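Report on the following structure.
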Amino acid sequence: GESVGLHLPTLSVQEGDNSIINCAYSNSASDYFIWYKQESGKGPQFIIDIRSNMDKRQGQRVTVLLNKTVKHLSLQIAATQPGDSAVYFCAETSGANNLFFGTGTRLTVIP
Amino acid sequence: NAGVTQTPKFQVLKTGQSMTLQCAQDMNHEYMSWYRQDPGMGLRLIHYSVGAGITDQGEVPNGYNVSRSTTEDFPLRLLSAAPSQTSVYFCASSLGGHVPLNTEAFFGQGTRLTVV
(Lines give C-alpha, C1' and ligand atoms only; values in the text may rest on other atoms or scores of the structure.)
Protein backbone atom coordinates (compact mmCIF):
# COMPACT_ATOMS: atom_id res chain seq x y z
CA GLY A 1 0.00 0.00 0.00
CA GLU A 2 0.91 3.60 -0.12
CA SER A 3 2.40 5.37 2.84
CA VAL A 4 2.77 9.03 3.49
CA GLY A 5 4.65 9.93 6.63
CA LEU A 6 6.17 12.81 8.44
CA HIS A 7 9.68 12.97 9.84
CA LEU A 8 8.73 14.93 12.96
CA PRO A 9 5.46 14.61 14.84
CA THR A 10 5.95 17.90 16.71
CA LEU A 11 7.68 21.18 15.93
CA SER A 12 8.08 24.22 18.16
CA VAL A 13 9.26 27.53 16.73
CA GLN A 14 9.64 31.07 18.02
CA GLU A 15 7.22 33.63 16.69
CA GLY A 16 8.76 35.35 13.70
CA ASP A 17 11.03 32.46 12.79
CA ASN A 18 10.55 30.35 9.69
CA SER A 19 9.03 26.86 10.01
CA ILE A 20 9.79 23.85 7.89
CA ILE A 21 7.53 20.82 8.01
CA ASN A 22 8.64 17.70 6.17
CA CYS A 23 6.80 14.82 4.59
CA ALA A 24 7.95 11.62 2.90
CA TYR A 25 5.89 9.59 0.48
CA SER A 26 6.48 6.15 -0.97
CA ASN A 27 4.45 6.03 -4.18
CA SER A 28 6.62 7.16 -7.07
CA ALA A 29 3.46 7.44 -9.20
CA SER A 30 2.04 10.22 -7.01
CA ASP A 31 1.54 13.31 -9.09
CA TYR A 32 -0.38 15.73 -6.93
CA PHE A 33 0.36 16.86 -3.40
CA ILE A 34 -1.54 19.04 -0.96
CA TRP A 35 -0.78 20.56 2.41
CA TYR A 36 -3.62 20.98 4.89
CA LYS A 37 -3.79 22.83 8.18
CA GLN A 38 -6.04 21.57 10.94
CA GLU A 39 -6.79 23.65 14.00
CA SER A 40 -8.17 22.09 17.13
CA GLY A 41 -11.80 21.06 16.74
CA LYS A 42 -11.93 21.98 13.08
CA GLY A 43 -11.69 20.21 9.78
CA PRO A 44 -8.57 20.34 7.59
CA GLN A 45 -8.11 23.53 5.63
CA PHE A 46 -6.35 23.66 2.28
CA ILE A 47 -3.07 25.58 2.32
CA ILE A 48 -1.24 24.95 -0.92
CA ASP A 49 -0.82 22.28 -3.55
CA ILE A 50 1.79 21.25 -6.09
CA ARG A 51 1.88 19.01 -9.13
CA SER A 52 4.67 16.59 -9.80
CA ASN A 53 5.88 18.59 -12.80
CA MET A 54 6.92 21.38 -10.45
CA ASP A 55 9.52 21.45 -7.69
CA LYS A 56 8.47 24.65 -5.96
CA ARG A 57 5.33 26.64 -5.49
CA GLN A 58 4.79 29.75 -3.41
CA GLY A 59 1.76 31.17 -1.73
CA GLN A 60 1.27 33.87 0.82
CA ARG A 61 3.96 33.21 3.46
CA VAL A 62 4.04 29.53 2.46
CA THR A 63 6.24 27.63 0.04
CA VAL A 64 6.00 23.98 -0.89
CA LEU A 65 9.05 22.16 -2.18
CA LEU A 66 8.88 18.83 -3.94
CA ASN A 67 11.87 16.53 -4.43
CA LYS A 68 10.70 13.62 -6.53
CA THR A 69 14.11 11.98 -6.51
CA VAL A 70 13.91 11.25 -2.80
CA LYS A 71 10.10 11.39 -2.61
CA HIS A 72 10.11 14.25 -0.16
CA LEU A 73 7.79 17.18 0.31
CA SER A 74 8.20 20.17 2.60
CA LEU A 75 6.11 23.12 3.70
CA GLN A 76 7.90 26.31 4.63
CA ILE A 77 6.08 28.98 6.59
CA ALA A 78 7.75 32.37 6.69
CA ALA A 79 7.60 34.61 9.77
CA THR A 80 5.57 32.10 11.74
CA GLN A 81 2.72 33.59 13.75
CA PRO A 82 0.75 32.28 16.74
CA GLY A 83 -2.19 31.71 14.41
CA ASP A 84 -0.08 29.17 12.51
CA SER A 85 -0.17 26.80 15.48
CA ALA A 86 -2.01 23.73 14.23
CA VAL A 87 -1.49 20.22 12.91
CA TYR A 88 -0.25 20.13 9.34
CA PHE A 89 -0.93 17.23 7.01
CA CYS A 90 0.52 16.39 3.65
CA ALA A 91 -1.63 14.42 1.24
CA GLU A 92 -0.90 12.86 -2.10
CA THR A 93 -2.70 11.14 -4.92
CA SER A 94 -1.59 9.26 -7.99
CA GLY A 95 -4.50 10.03 -10.24
CA ALA A 96 -7.41 8.38 -8.52
CA ASN A 97 -9.93 10.16 -6.35
CA ASN A 98 -8.29 8.87 -3.20
CA LEU A 99 -6.14 11.26 -1.21
CA PHE A 100 -3.61 9.60 1.08
CA PHE A 101 -2.84 11.64 4.16
CA GLY A 102 0.22 11.64 6.36
CA THR A 103 -0.08 11.32 10.11
CA GLY A 104 0.42 15.03 10.74
CA THR A 105 2.90 17.37 12.44
CA ARG A 106 1.85 19.55 15.32
CA LEU A 107 3.33 23.03 15.00
CA THR A 108 3.49 25.12 18.15
CA VAL A 109 4.46 28.77 17.88
CA ILE A 110 6.08 30.20 20.98
CA PRO A 111 5.28 33.91 21.49
CA ASN B 1 -22.74 30.12 2.20
CA ALA B 2 -22.55 27.69 5.08
CA GLY B 3 -19.97 25.52 3.31
CA VAL B 4 -19.92 21.91 4.49
CA THR B 5 -22.18 21.17 7.45
CA GLN B 6 -21.94 17.98 9.46
CA THR B 7 -24.32 16.77 12.13
CA PRO B 8 -24.13 15.71 14.87
CA LYS B 9 -20.85 17.06 16.28
CA PHE B 10 -20.69 14.40 18.97
CA GLN B 11 -22.31 10.98 19.28
CA VAL B 12 -22.02 8.01 21.60
CA LEU B 13 -23.35 4.68 20.38
CA LYS B 14 -23.61 1.24 21.88
CA THR B 15 -22.12 -1.66 19.98
CA GLY B 16 -24.59 -2.90 17.40
CA GLN B 17 -26.56 0.31 17.13
CA SER B 18 -27.01 2.01 13.80
CA MET B 19 -26.90 5.68 12.96
CA THR B 20 -26.48 8.13 10.10
CA LEU B 21 -23.96 10.93 10.00
CA GLN B 22 -25.31 13.81 7.97
CA CYS B 23 -23.32 15.95 5.56
CA ALA B 24 -24.63 18.80 3.46
CA GLN B 25 -22.93 21.37 1.26
CA ASP B 26 -24.37 24.46 -0.38
CA MET B 27 -21.60 25.13 -2.88
CA ASN B 28 -23.04 22.99 -5.68
CA HIS B 29 -19.99 20.75 -5.54
CA GLU B 30 -20.09 17.53 -7.49
CA TYR B 31 -17.48 15.66 -5.47
CA MET B 32 -18.12 14.66 -1.86
CA SER B 33 -16.26 12.29 0.40
CA TRP B 34 -16.11 10.89 3.92
CA TYR B 35 -12.91 10.42 5.90
CA ARG B 36 -12.16 9.07 9.31
CA GLN B 37 -9.35 10.44 11.42
CA ASP B 38 -7.63 8.29 14.01
CA PRO B 39 -4.62 9.15 16.17
CA GLY B 40 -1.39 8.42 14.34
CA MET B 41 -3.23 7.42 11.17
CA GLY B 42 -4.02 10.68 9.42
CA LEU B 43 -7.24 10.84 7.44
CA ARG B 44 -8.44 7.79 5.54
CA LEU B 45 -11.05 7.82 2.80
CA ILE B 46 -14.17 5.78 3.53
CA HIS B 47 -16.46 6.47 0.56
CA TYR B 48 -16.74 9.14 -2.06
CA SER B 49 -19.15 10.35 -4.70
CA VAL B 50 -18.42 12.13 -7.96
CA GLY B 51 -22.01 13.21 -8.42
CA ALA B 52 -25.62 12.51 -7.54
CA GLY B 53 -26.42 8.84 -7.91
CA ILE B 54 -22.77 7.78 -8.01
CA THR B 55 -20.78 6.44 -5.08
CA ASP B 56 -17.61 4.45 -4.73
CA GLN B 57 -15.48 2.88 -2.04
CA GLY B 58 -12.39 4.44 -0.62
CA GLU B 59 -9.60 2.98 1.46
CA VAL B 60 -11.64 1.77 4.47
CA PRO B 61 -15.27 1.21 3.38
CA ASN B 62 -16.19 -1.83 5.49
CA GLY B 63 -18.99 -1.21 7.97
CA TYR B 64 -20.20 1.95 6.22
CA ASN B 65 -22.80 2.69 3.58
CA VAL B 66 -23.41 5.87 1.63
CA SER B 67 -25.91 7.21 -0.85
CA ARG B 68 -26.06 10.37 -2.95
CA SER B 69 -29.62 11.13 -3.93
CA THR B 70 -28.99 14.86 -4.26
CA THR B 71 -25.97 17.02 -5.04
CA GLU B 72 -26.19 18.67 -1.63
CA ASP B 73 -26.36 15.68 0.71
CA PHE B 74 -24.05 12.74 1.33
CA PRO B 75 -25.02 10.79 4.45
CA LEU B 76 -22.80 8.11 5.96
CA ARG B 77 -24.53 5.15 7.60
CA LEU B 78 -23.16 2.82 10.21
CA LEU B 79 -25.30 -0.29 10.07
CA SER B 80 -24.01 -2.00 13.22
CA ALA B 81 -21.56 0.12 15.16
CA ALA B 82 -18.38 -1.46 16.48
CA PRO B 83 -15.77 -0.04 18.91
CA SER B 84 -13.29 0.00 16.02
CA GLN B 85 -15.44 2.70 14.44
CA THR B 86 -14.70 5.10 17.27
CA SER B 87 -13.13 7.99 15.41
CA VAL B 88 -13.57 11.52 14.18
CA TYR B 89 -15.41 11.63 10.87
CA PHE B 90 -14.98 14.39 8.31
CA CYS B 91 -17.05 15.09 5.27
CA ALA B 92 -15.47 17.02 2.41
CA SER B 93 -16.64 18.46 -0.87
CA SER B 94 -14.94 19.92 -3.90
CA LEU B 95 -15.97 21.25 -7.27
CA GLY B 96 -14.29 18.33 -9.00
CA GLY B 97 -12.11 15.40 -8.21
CA HIS B 98 -8.59 15.87 -6.98
CA VAL B 99 -7.14 14.96 -10.34
CA PRO B 100 -7.02 16.47 -12.88
CA LEU B 101 -8.83 19.56 -11.74
CA ASN B 102 -6.81 19.95 -8.55
CA THR B 103 -9.78 21.54 -6.94
CA GLU B 104 -9.67 22.47 -3.31
CA ALA B 105 -11.52 20.24 -0.86
CA PHE B 106 -13.59 21.93 1.82
CA PHE B 107 -13.99 19.98 5.04
CA GLY B 108 -16.78 20.03 7.58
CA GLN B 109 -16.14 20.53 11.30
CA GLY B 110 -16.18 16.82 12.03
CA THR B 111 -18.27 14.35 14.02
CA ARG B 112 -16.66 12.74 17.04
CA LEU B 113 -18.13 9.26 17.38
CA THR B 114 -17.57 6.96 20.33
CA VAL B 115 -18.79 3.36 20.24
CA VAL B 116 -18.93 1.65 23.61
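Identifiers in the C-alpha coordinates: chain A, B, ... in order shown; residue index from 1 per chain; ligand index from 1 in order shown.
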
task = Do a neighbour search on stretch 47-56 of chain A at 6 Å with only C-alpha atoms, toss out local chain neighbours closer than 3 positions, and write the hits as a PyMOL selection string.
result = chain A and resi 31-36+64-66

Can you check which parts of chain A lie within 12 Å of chain B? Per residue, the shortest pair of atoms and distance in Å to one decimal, counting only C-alpha atoms, sorted by chain and number, as a tab-separated table.
```
residue	atom	partner	partner_atom	distance
A:Gly1	CA	B:Glu59	CA	10.2
A:Glu2	CA	B:Glu59	CA	10.7
A:Ser3	CA	B:Met41	CA	10.3
A:Val4	CA	B:Gly42	CA	9.2
A:Gly5	CA	B:Gly42	CA	9.1
A:Leu6	CA	B:Gly42	CA	10.5
A:Pro9	CA	B:Gly40	CA	9.2
A:Ser30	CA	B:Val99	CA	10.9
A:Asp31	CA	B:Val99	CA	8.9
A:Tyr32	CA	B:Val99	CA	7.6
A:Phe33	CA	B:Asn102	CA	9.4
A:Ile34	CA	B:Glu104	CA	9.1
A:Trp35	CA	B:Glu104	CA	10.7
A:Tyr36	CA	B:Ala105	CA	9.8
A:Lys37	CA	B:Phe107	CA	11.0
A:Gln38	CA	B:Phe107	CA	10.0
A:Glu39	CA	B:Gln109	CA	10.2
A:Ser40	CA	B:Gln109	CA	10.0
A:Gly41	CA	B:Gln109	CA	7.0
A:Lys42	CA	B:Gln109	CA	4.8
A:Gly43	CA	B:Gln109	CA	4.7
A:Pro44	CA	B:Phe107	CA	6.0
A:Gln45	CA	B:Phe106	CA	6.9
A:Phe46	CA	B:Glu104	CA	6.6
A:Ile47	CA	B:Glu104	CA	9.2
A:Ile48	CA	B:Glu104	CA	9.1
A:Asp49	CA	B:Asn102	CA	8.1
A:Ile50	CA	B:Asn102	CA	9.0
A:Arg51	CA	B:Asn102	CA	8.8
A:Ser52	CA	B:Val99	CA	11.9
A:Val87	CA	B:Gly42	CA	10.5
A:Tyr88	CA	B:Gly42	CA	10.2
A:Phe89	CA	B:Gly42	CA	7.6
A:Cys90	CA	B:Gly42	CA	9.3
A:Ala91	CA	B:Leu43	CA	9.1
A:Glu92	CA	B:His98	CA	9.6
A:Thr93	CA	B:His98	CA	7.8
A:Ser94	CA	B:Val99	CA	8.3
A:Gly95	CA	B:Val99	CA	5.6
A:Ala96	CA	B:Val99	CA	6.8
A:Asn97	CA	B:His98	CA	5.9
A:Asn98	CA	B:Gly58	CA	6.6
A:Leu99	CA	B:Leu45	CA	7.2
A:Phe100	CA	B:Arg44	CA	6.8
A:Phe101	CA	B:Gly42	CA	5.5
A:Gly102	CA	B:Gly42	CA	5.3
A:Thr103	CA	B:Gly42	CA	4.0
A:Gly104	CA	B:Gly42	CA	6.4
A:Thr105	CA	B:Gly42	CA	10.1
A:Arg106	CA	B:Gly40	CA	11.6
```

inquiry  = Report as a ChimeraX atom specification all protein, DNA and RNA residues lying within 6 Å of stretch 68-75 of chain B, evaluated on only C-alpha atoms, omitting residues in the same chain fewer than 3 positions from it.
reply    = /B:21-25,52-53

Those same residues - N, CA, C and O atoms - I'd like them written as an mmCIF file, in the first residue's frame.
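Now in result-v9.cif:
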```cif
data_model
loop_
_atom_site.group_PDB
_atom_site.id
_atom_site.type_symbol
_atom_site.label_atom_id
_atom_site.label_comp_id
_atom_site.auth_asym_id
_atom_site.auth_seq_id
_atom_site.Cartn_x
_atom_site.Cartn_y
_atom_site.Cartn_z
ATOM 1 N N LEU B 21 -24.634 9.653 9.898
ATOM 2 C CA LEU B 21 -23.958 10.933 10.001
ATOM 3 C C LEU B 21 -24.360 11.759 8.788
ATOM 4 O O LEU B 21 -24.240 11.307 7.646
ATOM 5 N N GLN B 22 -24.816 12.966 9.058
ATOM 6 C CA GLN B 22 -25.305 13.808 7.975
ATOM 7 C C GLN B 22 -24.208 14.745 7.470
ATOM 8 O O GLN B 22 -23.373 15.224 8.229
ATOM 9 N N CYS B 23 -24.241 14.995 6.177
ATOM 10 C CA CYS B 23 -23.321 15.954 5.557
ATOM 11 C C CYS B 23 -24.075 16.686 4.457
ATOM 12 O O CYS B 23 -24.708 16.049 3.606
ATOM 13 N N ALA B 24 -23.991 17.999 4.489
ATOM 14 C CA ALA B 24 -24.634 18.801 3.463
ATOM 15 C C ALA B 24 -23.704 19.933 3.048
ATOM 16 O O ALA B 24 -22.983 20.483 3.875
ATOM 17 N N GLN B 25 -23.724 20.239 1.756
ATOM 18 C CA GLN B 25 -22.932 21.373 1.264
ATOM 19 C C GLN B 25 -23.802 22.229 0.352
ATOM 20 O O GLN B 25 -24.653 21.710 -0.370
ATOM 21 N N ALA B 52 -24.377 13.126 -8.014
ATOM 22 C CA ALA B 52 -25.620 12.508 -7.537
ATOM 23 C C ALA B 52 -25.836 11.167 -8.217
ATOM 24 O O ALA B 52 -25.683 11.045 -9.435
ATOM 25 N N GLY B 53 -26.156 10.173 -7.400
ATOM 26 C CA GLY B 53 -26.421 8.836 -7.909
ATOM 27 C C GLY B 53 -25.198 7.970 -8.078
ATOM 28 O O GLY B 53 -25.307 6.791 -8.443
#
```

query = Hey, can you check how far atom CA of A:Gln60 sits from atom CA of B:Gln6?
reply = 29.4 Å

message = I want to know what sits within 6 Å of A:Ala79, based on only C-alpha atoms, with residues of the same chain fewer than 4 positions away left out; could you give that as number ranges by chain?
response = A: 16-18

task = Report the distance between atom CA of A:Pro111 and atom CA of A:Gln76 in Å, rounded to one decimal place.
result = 18.7 Å

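The two atoms in question, atom CA of A:Thr10 and atom CA of A:Ala29, are spaced 28.1 Å apart.
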